[in-house]
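Report on the structure given below.
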Amino acid sequence: MEDNGRRWWRLVLIASPLQGHMTPLLQLGTYLHSKGFSITIAHPEFNPPDSSNHPDFVFLKLPDNLSGPGSFPSFLGFLQALNDNCRPHLQKHLVEIINAQKDESEKESIVIIHDNLMVFGGSVAVDLGLPSIIVHTSSAAFFPAYKIIPQLHHEGRFPVHDSLMQEIVPELKPFRYKDLPFINLPIQDAVESANMITPKSPPSAFIWNTLEFLEPSALTQIRQQYQVPIFTIGPLHKTSPTPSTSFLEEDTSCITWLDKQQPKSVIYVSLGSVANMDKKLATEMAWGLVNSNQPFLWVVRPGSVKGFEWTEFLPEGLVAEIKLRGLLVKWAPQKEVLAHNEVGGFWSHCGWNSTMESVSEGVPMLCQPISVDQLMNARYLSYVWKIGIEIVLEKRQIEDAVRRLLVDKEGEEMRQRAMEIQQNVKLAVSHGGSSQNCLNDLVDFILSL
Ligand code: UDX
């Protein structure tokens, strides 16, 4: 982007190879490109984005020598190796660009915008004297919650004693100790994970894929701790929609199937791109869905049931029952599914993208949080926004929860509240709304760097 005919801007966006992180980063790049900035997407070799969907971006592959988190005993180990291995190539590349621009009139201003897991972006920026902006693809509340873990550990409050689990963490109202990130990791991994992703020095700014009205207290808390601009520009799939960013192929046949169902009758089930479960639990889910007598669309990601390629874990009798009122797919066009009028509820692991996509369409949820930030997102959904029911993974309780959400008055009231939130999302992303204003401010801020 040319500024007064003198300066050019190259924004180097550093992507994490996880679906839930890659998608919002590409959406952000799309928005910034539409405002005239040159965009480089620096990404690990593992799980690369599809460059053909973004012909205007430059893609910089960072050799990582990794085959994914599965080859490491812990996710933390994977993350550390990813950061260590990707860093040298990025630094070398940027140094070459800077050295090649001897002529002041052709100088590009470089800004590093990095995913919060790709912490090496911040340290490369410090080394090279470049501005950096951290992008958070999870809730704002997640940040103070993981940041405080080393302190809680120091004070003897983490690992959490059973007697404290249901209590509210005084520094993190309304979240309970049981909602804390990394609570199900070994203690050392939990503390190291928190330390690793806490910025060592403040960035020039933060970006959050959230909405101001959804989490005012968390954002106030962060603003008190960091005197740098914070841009709340979500939900990015609404403020800056892009072509599909899925690593897996979307099965669009489910849209034709949805077309044949009754309005608000279908429960859509998906546990995101990372979560795995065992055969017993998956079978319990299947029985609960079948017995609820409601139509269901269930994403069973290949390999997500441990030890099985796809749905071979299901006994034959159950497969026949499923066919009567359900549809199983490997990967769905989720945003389109949630926007479909026949979908009345979303059974989710409460990843932040899924949460934002559901609230944007006014769809109430069944909450099955598994780890990391998902426990906090579920607390928001069930306790704060009151549009979610926490599900217990036993077939009768599942059956009951599905019917509570889709058939009972309780579910109808949740749907009403979800639709009120949807209206507020629409306002926030429209002209003059908080997210649109933040996007404009972000552009001005980058130009001021
Ligand atoms: C991860 C973490 O688990 C999550 O907690 C964190 O907030 C972001 O990173 P993931 O588990 O994949 O993400 O969940 P989520 O954030 O919900 O992202 C999943 C994405 O995959 C969503 O954008 C969803 O629309 C998409 N998806 C999922 C599909 O497009 N099709 C599917 O069938 C399933």
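Chain identifiers are assigned as A, B, and so on, following the order in which chains appear in the structure tokens; residues are numbered from 1 within each chain, and ligands are numbered from 1 in order of appearance.
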Exercise. Tell me, as an MDAnalysis selection string, which residues lie within 7 Å of range 152-166 of chain A, counting only C-alpha atoms; anything in the same chain fewer than 3 positions away does not count.
Key: chainID A and resid 148:149 176:178 187
Just-selected residues, N, CA and C atoms written as a PDB file, in the first residue's frame:
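Produced file again-v6.pdb, reproduced below:
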```pdb
ATOM      1  N   ILE A 148      -2.713 -16.109  34.260  1.00  0.00           N
ATOM      2  CA  ILE A 148      -2.665 -16.141  35.737  1.00  0.00           C
ATOM      3  C   ILE A 148      -2.249 -17.527  36.259  1.00  0.00           C
ATOM      4  N   ILE A 149      -2.158 -18.511  35.382  1.00  0.00           N
ATOM      5  CA  ILE A 149      -1.893 -19.874  35.868  1.00  0.00           C
ATOM      6  C   ILE A 149      -0.566 -20.002  36.635  1.00  0.00           C
ATOM      7  N   ARG A 176     -15.060 -20.450  36.964  1.00  0.00           N
ATOM      8  CA  ARG A 176     -14.733 -21.266  38.136  1.00  0.00           C
ATOM      9  C   ARG A 176     -13.364 -21.918  37.945  1.00  0.00           C
ATOM     10  N   TYR A 177     -12.829 -22.422  39.035  1.00  0.00           N
ATOM     11  CA  TYR A 177     -11.533 -23.123  38.921  1.00  0.00           C
ATOM     12  C   TYR A 177     -11.635 -24.262  37.904  1.00  0.00           C
ATOM     13  N   LYS A 178     -12.806 -24.942  37.889  1.00  0.00           N
ATOM     14  CA  LYS A 178     -12.936 -26.083  36.968  1.00  0.00           C
ATOM     15  C   LYS A 178     -12.938 -25.662  35.497  1.00  0.00           C
ATOM     16  N   ILE A 187       0.686 -30.839  35.532  1.00  0.00           N
ATOM     17  CA  ILE A 187       0.903 -29.489  36.057  1.00  0.00           C
ATOM     18  C   ILE A 187       2.044 -28.740  35.357  1.00  0.00           C
TER      19      ILE A 187
END
```
Considering only C-alpha atoms and all ligand atoms, tabulate each residue of chain A that lies at most 6 Å from ligand 1 along with its nearest interatomic pair and the corresponding distance in Å to one decimal; arrange the rows by chain and ascending residue number and present them as CSV.
```
residue,atom,partner,partner_atom_place_in_ligand_line,distance
A:Gln19,CA,ligand 1,12 (O),5.4
A:Gly20,CA,ligand 1,13 (O),3.7
A:His21,CA,ligand 1,9 (O),5.5
A:Ser138,CA,ligand 1,7 (O),4.5
A:Ser246,CA,ligand 1,30 (O),5.9
A:Ser270,CA,ligand 1,34 (C),5.7
A:Gly272,CA,ligand 1,12 (O),4.1
A:Ser273,CA,ligand 1,12 (O),3.6
A:Val274,CA,ligand 1,11 (O),4.8
A:Val299,CA,ligand 1,33 (O),5.4
A:Trp331,CA,ligand 1,33 (O),3.6
A:Ala332,CA,ligand 1,33 (O),3.7
A:Pro333,CA,ligand 1,30 (O),4.9
A:Gln334,CA,ligand 1,30 (O),4.4
A:Lys335,CA,ligand 1,25 (O),5.5
A:Gly351,CA,ligand 1,17 (O),3.5
A:Trp352,CA,ligand 1,7 (O),3.7
A:Asn353,CA,ligand 1,16 (O),3.7
A:Ser354,CA,ligand 1,17 (O),3.6
A:Asp373,CA,ligand 1,5 (O),5.2
A:Gln374,CA,ligand 1,5 (O),4.9
```
Generate a file of the selected residues that holds N, CA and C atoms, formatted as a PDB file, in the first residue's frame.
```
ATOM      1  N   GLN A  19      -6.722 -25.623  12.247  1.00  0.00           N
ATOM      2  CA  GLN A  19      -7.870 -25.108  11.485  1.00  0.00           C
ATOM      3  C   GLN A  19      -8.514 -23.891  12.169  1.00  0.00           C
ATOM      4  N   GLY A  20      -8.718 -24.013  13.482  1.00  0.00           N
ATOM      5  CA  GLY A  20      -9.406 -22.949  14.226  1.00  0.00           C
ATOM      6  C   GLY A  20      -8.593 -21.667  14.334  1.00  0.00           C
ATOM      7  N   HIS A  21      -7.321 -21.725  13.986  1.00  0.00           N
ATOM      8  CA  HIS A  21      -6.466 -20.528  13.995  1.00  0.00           C
ATOM      9  C   HIS A  21      -6.240 -20.019  12.570  1.00  0.00           C
ATOM     10  N   SER A 138      -9.069 -16.942  20.058  1.00  0.00           N
ATOM     11  CA  SER A 138      -9.946 -17.442  21.120  1.00  0.00           C
ATOM     12  C   SER A 138     -10.605 -16.241  21.791  1.00  0.00           C
ATOM     13  N   SER A 246     -11.075 -24.654   4.684  1.00  0.00           N
ATOM     14  CA  SER A 246     -10.999 -25.970   5.328  1.00  0.00           C
ATOM     15  C   SER A 246      -9.809 -26.782   4.826  1.00  0.00           C
ATOM     16  N   SER A 270     -20.879 -31.366  15.954  1.00  0.00           N
ATOM     17  CA  SER A 270     -19.487 -31.351  15.490  1.00  0.00           C
ATOM     18  C   SER A 270     -18.575 -30.959  16.643  1.00  0.00           C
ATOM     19  N   GLY A 272     -15.350 -30.057  16.207  1.00  0.00           N
ATOM     20  CA  GLY A 272     -14.216 -29.276  15.722  1.00  0.00           C
ATOM     21  C   GLY A 272     -13.147 -30.084  15.020  1.00  0.00           C
ATOM     22  N   SER A 273     -11.975 -29.483  14.893  1.00  0.00           N
ATOM     23  CA  SER A 273     -10.936 -30.064  14.040  1.00  0.00           C
ATOM     24  C   SER A 273      -9.865 -30.827  14.803  1.00  0.00           C
ATOM     25  N   VAL A 274      -9.930 -30.815  16.133  1.00  0.00           N
ATOM     26  CA  VAL A 274      -8.831 -31.400  16.912  1.00  0.00           C
ATOM     27  C   VAL A 274      -9.297 -32.545  17.817  1.00  0.00           C
ATOM     28  N   VAL A 299     -21.037 -34.625  12.279  1.00  0.00           N
ATOM     29  CA  VAL A 299     -19.714 -34.659  11.644  1.00  0.00           C
ATOM     30  C   VAL A 299     -18.827 -35.624  12.429  1.00  0.00           C
ATOM     31  N   TRP A 331     -16.910 -34.029   7.025  1.00  0.00           N
ATOM     32  CA  TRP A 331     -16.621 -32.612   7.266  1.00  0.00           C
ATOM     33  C   TRP A 331     -17.734 -31.819   6.599  1.00  0.00           C
ATOM     34  N   ALA A 332     -18.295 -30.860   7.296  1.00  0.00           N
ATOM     35  CA  ALA A 332     -19.453 -30.117   6.770  1.00  0.00           C
ATOM     36  C   ALA A 332     -19.069 -28.673   6.446  1.00  0.00           C
ATOM     37  N   PRO A 333     -19.845 -28.012   5.580  1.00  0.00           N
ATOM     38  CA  PRO A 333     -19.660 -26.561   5.413  1.00  0.00           C
ATOM     39  C   PRO A 333     -20.347 -25.882   6.603  1.00  0.00           C
ATOM     40  N   GLN A 334     -19.644 -25.824   7.742  1.00  0.00           N
ATOM     41  CA  GLN A 334     -20.304 -25.525   9.028  1.00  0.00           C
ATOM     42  C   GLN A 334     -21.056 -24.190   9.060  1.00  0.00           C
ATOM     43  N   LYS A 335     -20.449 -23.166   8.473  1.00  0.00           N
ATOM     44  CA  LYS A 335     -21.105 -21.848   8.566  1.00  0.00           C
ATOM     45  C   LYS A 335     -22.444 -21.883   7.817  1.00  0.00           C
ATOM     46  N   GLY A 351     -15.380 -24.841  20.727  1.00  0.00           N
ATOM     47  CA  GLY A 351     -14.230 -24.083  20.223  1.00  0.00           C
ATOM     48  C   GLY A 351     -14.709 -22.658  19.959  1.00  0.00           C
ATOM     49  N   TRP A 352     -13.803 -21.700  19.991  1.00  0.00           N
ATOM     50  CA  TRP A 352     -14.254 -20.307  19.895  1.00  0.00           C
ATOM     51  C   TRP A 352     -14.867 -19.994  18.522  1.00  0.00           C
ATOM     52  N   ASN A 353     -14.301 -20.577  17.440  1.00  0.00           N
ATOM     53  CA  ASN A 353     -14.891 -20.318  16.122  1.00  0.00           C
ATOM     54  C   ASN A 353     -16.306 -20.863  16.063  1.00  0.00           C
ATOM     55  N   SER A 354     -16.479 -22.087  16.540  1.00  0.00           N
ATOM     56  CA  SER A 354     -17.819 -22.685  16.521  1.00  0.00           C
ATOM     57  C   SER A 354     -18.774 -21.839  17.355  1.00  0.00           C
ATOM     58  N   ASP A 373      -9.490 -23.594  25.947  1.00  0.00           N
ATOM     59  CA  ASP A 373     -10.420 -22.490  26.188  1.00  0.00           C
ATOM     60  C   ASP A 373     -11.877 -22.922  26.174  1.00  0.00           C
ATOM     61  N   GLN A 374     -12.128 -24.168  25.777  1.00  0.00           N
ATOM     62  CA  GLN A 374     -13.511 -24.585  25.537  1.00  0.00           C
ATOM     63  C   GLN A 374     -14.354 -24.598  26.817  1.00  0.00           C
TER      64      GLN A 374
END
```
- Query: Glu336 in chain A: which residues within 12 Å, counting only C-alpha atoms, same-chain residues fewer than 2 positions away excluded, as a ChimeraX atom specification?
  - Reply: /A:237,241,244,250-256,258-259,268,332-334,338-343,357-358,360-361
task = Identify, on the basis of only C-alpha atoms, every residue whose closest approach to Ile113 in chain A does not exceed 6 Å; exclude the query and any residue fewer than 3 positions from it along the same chain; express the result as a list in words.
result = Val12, Leu13, Ser132, Ile133 and Ile134 of chain A
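Residue nearest Gly234 in chain A, chosen from A:Leu130, A:Ile387, A:Gln368, A:Val359 and counting only C-alpha atoms: A:Val359.
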Strand (DSSP E) positions in range 295-366 of chain A, given as a list of chain:residue names:
A:Phe296, A:Leu297, A:Trp298, A:Val299, A:Gly326, A:Leu327, A:Leu328, A:Val329, A:Val343, A:Gly344, A:Gly345, A:Phe346, A:Trp347, A:Ser348, A:Met365, A:Leu366
I need the helix (DSSP H, G or I) residues of range 29-89 of chain A per DSSP on the backbone, written as a list in words. Gly29, Thr30, Tyr31, Leu32, His33, Ser34, Ser51, Ser52, Asn53, Pro69, Gly70, Ser71, Phe75, Leu76, Gly77, Phe78, Leu79, Gln80, Ala81, Leu82, Asn83, Asp84, Asn85, Cys86, Arg87, Pro88 and His89 of chain A
Output for the residues just chosen: N, CA and C atoms as a PDB file, in the first residue's frame:
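Output file again22.pdb is given in full below:
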```
ATOM      1  N   GLY A  29      -6.374 -11.450   6.832  1.00  0.00           N
ATOM      2  CA  GLY A  29      -5.534 -11.075   5.685  1.00  0.00           C
ATOM      3  C   GLY A  29      -6.393 -10.563   4.536  1.00  0.00           C
ATOM      4  N   THR A  30      -7.529 -11.208   4.323  1.00  0.00           N
ATOM      5  CA  THR A  30      -8.426 -10.808   3.227  1.00  0.00           C
ATOM      6  C   THR A  30      -8.932  -9.377   3.453  1.00  0.00           C
ATOM      7  N   TYR A  31      -9.302  -9.089   4.704  1.00  0.00           N
ATOM      8  CA  TYR A  31      -9.781  -7.725   4.994  1.00  0.00           C
ATOM      9  C   TYR A  31      -8.656  -6.710   4.761  1.00  0.00           C
ATOM     10  N   LEU A  32      -7.482  -6.990   5.295  1.00  0.00           N
ATOM     11  CA  LEU A  32      -6.390  -6.012   5.198  1.00  0.00           C
ATOM     12  C   LEU A  32      -5.955  -5.837   3.741  1.00  0.00           C
ATOM     13  N   HIS A  33      -6.019  -6.914   2.977  1.00  0.00           N
ATOM     14  CA  HIS A  33      -5.690  -6.777   1.552  1.00  0.00           C
ATOM     15  C   HIS A  33      -6.702  -5.882   0.854  1.00  0.00           C
ATOM     16  N   SER A  34      -7.972  -6.007   1.242  1.00  0.00           N
ATOM     17  CA  SER A  34      -9.011  -5.172   0.602  1.00  0.00           C
ATOM     18  C   SER A  34      -8.778  -3.690   0.914  1.00  0.00           C
ATOM     19  N   SER A  51      -3.201 -22.026  -1.255  1.00  0.00           N
ATOM     20  CA  SER A  51      -2.835 -20.718  -1.812  1.00  0.00           C
ATOM     21  C   SER A  51      -3.714 -20.353  -3.015  1.00  0.00           C
ATOM     22  N   SER A  52      -4.287 -21.363  -3.685  1.00  0.00           N
ATOM     23  CA  SER A  52      -5.077 -21.051  -4.891  1.00  0.00           C
ATOM     24  C   SER A  52      -6.350 -20.265  -4.546  1.00  0.00           C
ATOM     25  N   ASN A  53      -6.778 -20.345  -3.291  1.00  0.00           N
ATOM     26  CA  ASN A  53      -7.963 -19.572  -2.879  1.00  0.00           C
ATOM     27  C   ASN A  53      -7.635 -18.112  -2.594  1.00  0.00           C
ATOM     28  N   PRO A  69       1.014 -32.671  15.542  1.00  0.00           N
ATOM     29  CA  PRO A  69       1.072 -32.829  16.997  1.00  0.00           C
ATOM     30  C   PRO A  69       1.122 -34.289  17.425  1.00  0.00           C
ATOM     31  N   GLY A  70       0.547 -35.191  16.579  1.00  0.00           N
ATOM     32  CA  GLY A  70       0.463 -36.603  16.959  1.00  0.00           C
ATOM     33  C   GLY A  70       1.811 -37.251  17.199  1.00  0.00           C
ATOM     34  N   SER A  71       2.882 -36.710  16.605  1.00  0.00           N
ATOM     35  CA  SER A  71       4.190 -37.342  16.772  1.00  0.00           C
ATOM     36  C   SER A  71       4.905 -36.843  18.038  1.00  0.00           C
ATOM     37  N   PHE A  75       1.088 -31.629  23.361  1.00  0.00           N
ATOM     38  CA  PHE A  75       0.876 -30.533  22.417  1.00  0.00           C
ATOM     39  C   PHE A  75       1.920 -29.440  22.650  1.00  0.00           C
ATOM     40  N   LEU A  76       2.299 -29.279  23.919  1.00  0.00           N
ATOM     41  CA  LEU A  76       3.312 -28.273  24.253  1.00  0.00           C
ATOM     42  C   LEU A  76       4.619 -28.559  23.503  1.00  0.00           C
ATOM     43  N   GLY A  77       5.023 -29.837  23.478  1.00  0.00           N
ATOM     44  CA  GLY A  77       6.253 -30.215  22.778  1.00  0.00           C
ATOM     45  C   GLY A  77       6.167 -29.862  21.305  1.00  0.00           C
ATOM     46  N   PHE A  78       5.001 -30.119  20.715  1.00  0.00           N
ATOM     47  CA  PHE A  78       4.785 -29.790  19.302  1.00  0.00           C
ATOM     48  C   PHE A  78       4.913 -28.285  19.081  1.00  0.00           C
ATOM     49  N   LEU A  79       4.280 -27.535  19.972  1.00  0.00           N
ATOM     50  CA  LEU A  79       4.272 -26.076  19.831  1.00  0.00           C
ATOM     51  C   LEU A  79       5.676 -25.492  19.963  1.00  0.00           C
ATOM     52  N   GLN A  80       6.433 -26.040  20.895  1.00  0.00           N
ATOM     53  CA  GLN A  80       7.804 -25.549  21.085  1.00  0.00           C
ATOM     54  C   GLN A  80       8.645 -25.832  19.844  1.00  0.00           C
ATOM     55  N   ALA A  81       8.520 -27.074  19.324  1.00  0.00           N
ATOM     56  CA  ALA A  81       9.304 -27.444  18.138  1.00  0.00           C
ATOM     57  C   ALA A  81       8.886 -26.597  16.939  1.00  0.00           C
ATOM     58  N   LEU A  82       7.593 -26.359  16.825  1.00  0.00           N
ATOM     59  CA  LEU A  82       7.074 -25.554  15.713  1.00  0.00           C
ATOM     60  C   LEU A  82       7.689 -24.156  15.750  1.00  0.00           C
ATOM     61  N   ASN A  83       7.685 -23.562  16.927  1.00  0.00           N
ATOM     62  CA  ASN A  83       8.241 -22.213  17.064  1.00  0.00           C
ATOM     63  C   ASN A  83       9.743 -22.203  16.814  1.00  0.00           C
ATOM     64  N   ASP A  84      10.441 -23.182  17.387  1.00  0.00           N
ATOM     65  CA  ASP A  84      11.904 -23.236  17.213  1.00  0.00           C
ATOM     66  C   ASP A  84      12.275 -23.432  15.741  1.00  0.00           C
ATOM     67  N   ASN A  85      11.535 -24.329  15.061  1.00  0.00           N
ATOM     68  CA  ASN A  85      11.913 -24.689  13.686  1.00  0.00           C
ATOM     69  C   ASN A  85      11.522 -23.632  12.661  1.00  0.00           C
ATOM     70  N   CYS A  86      10.423 -22.928  12.902  1.00  0.00           N
ATOM     71  CA  CYS A  86       9.956 -21.944  11.910  1.00  0.00           C
ATOM     72  C   CYS A  86      10.717 -20.620  12.006  1.00  0.00           C
ATOM     73  N   ARG A  87      11.220 -20.319  13.167  1.00  0.00           N
ATOM     74  CA  ARG A  87      11.801 -18.994  13.403  1.00  0.00           C
ATOM     75  C   ARG A  87      12.960 -18.620  12.463  1.00  0.00           C
ATOM     76  N   PRO A  88      13.988 -19.502  12.319  1.00  0.00           N
ATOM     77  CA  PRO A  88      15.164 -19.076  11.543  1.00  0.00           C
ATOM     78  C   PRO A  88      14.810 -18.669  10.117  1.00  0.00           C
ATOM     79  N   HIS A  89      13.905 -19.413   9.475  1.00  0.00           N
ATOM     80  CA  HIS A  89      13.590 -19.125   8.085  1.00  0.00           C
ATOM     81  C   HIS A  89      12.891 -17.768   7.961  1.00  0.00           C
TER      82      HIS A  89
END
```
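Nearest to Pro131 in chain A of all the residues A:Lys61, A:Arg10, A:Lys386, A:Arg301 is A:Arg10, counting only C-alpha atoms.
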Between A:Leu289, A:Met118, A:Val363, A:Val95, smallest distance to Glu420 in chain A by only C-alpha atoms belongs to A:Val363
- Task: Identify which of the residues A:Lys92, A:Lys173, A:Lys306, A:Lys147 lies closest to Asp127 in chain A, counting only C-alpha atoms when measuring atom-to-atom distances.
- Result: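 That would be A:Lys92, the residue with the smallest distance to Asp127 in chain A.
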Considering only C-alpha atoms, state which residue in the set A:Tyr226, A:Phe175, A:Phe37, A:Phe445 is at the smallest distance from Val384 in chain A.
->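 Closest residue, counting only C-alpha atoms: A:Phe175.
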Using only C-alpha atoms, the residue out of A:Phe247, A:Phe120, A:Trp257, A:Trp310 with shortest distance to Ile197 in chain A is A:Phe120
Q | Thr210 in chain A surroundings by only C-alpha atoms, 8 Å radius, close-in-sequence under 6 positions cut, as a list in words | A |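 After dropping sequence-adjacent residues, the list is Ser138, Ser139, Ala140, Thr232, Ile233, Gly234, Pro235 and Met356 of chain A.
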With C-alpha atoms retained, export the selected residues as a PDB file, in the first residue's frame.
```pdb
ATOM      1  CA  SER A 138      -9.946 -17.442  21.120  1.00  0.00           C
ATOM      2  CA  SER A 139     -12.075 -15.416  23.525  1.00  0.00           C
ATOM      3  CA  ALA A 140     -10.651 -12.378  25.285  1.00  0.00           C
ATOM      4  CA  THR A 232     -12.124  -6.405  18.662  1.00  0.00           C
ATOM      5  CA  ILE A 233     -12.964  -7.139  15.049  1.00  0.00           C
ATOM      6  CA  GLY A 234     -15.041 -10.317  15.195  1.00  0.00           C
ATOM      7  CA  PRO A 235     -16.651 -12.369  14.123  1.00  0.00           C
ATOM      8  CA  MET A 356     -18.898 -17.339  17.318  1.00  0.00           C
TER       9      MET A 356
END
```
To one decimal in Å, tell me the separation between CA of Val266 in chain A and CA of Phe296 in chain A.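 Interatomic distance here is 5.2 Å.
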If you count only C-alpha atoms, which residues fall within 12 Å of Gly129 in chain A, apart from same-chain ones fewer than 2 positions away, as a list in words?
Gln91, Leu94, Val95, Ile98, Ser109, Ile110, Val111, Ile112, Gly121, Gly122, Ser123, Val124, Ala125, Val126, Asp127, Pro131, Ser132, Pro203, Ser204 and Leu449 of chain A
Pairwise distance, CA of His114 in chain A with CA of Phe213 in chain A, equals 24.7 Å
Residue contacts of range 283-288 of chain A (7 Å, only C-alpha atoms) excluding same-chain residues fewer than 2 positions away, as a ChimeraX atom specification | /A:279-281,290-292,314,394-396,398-399
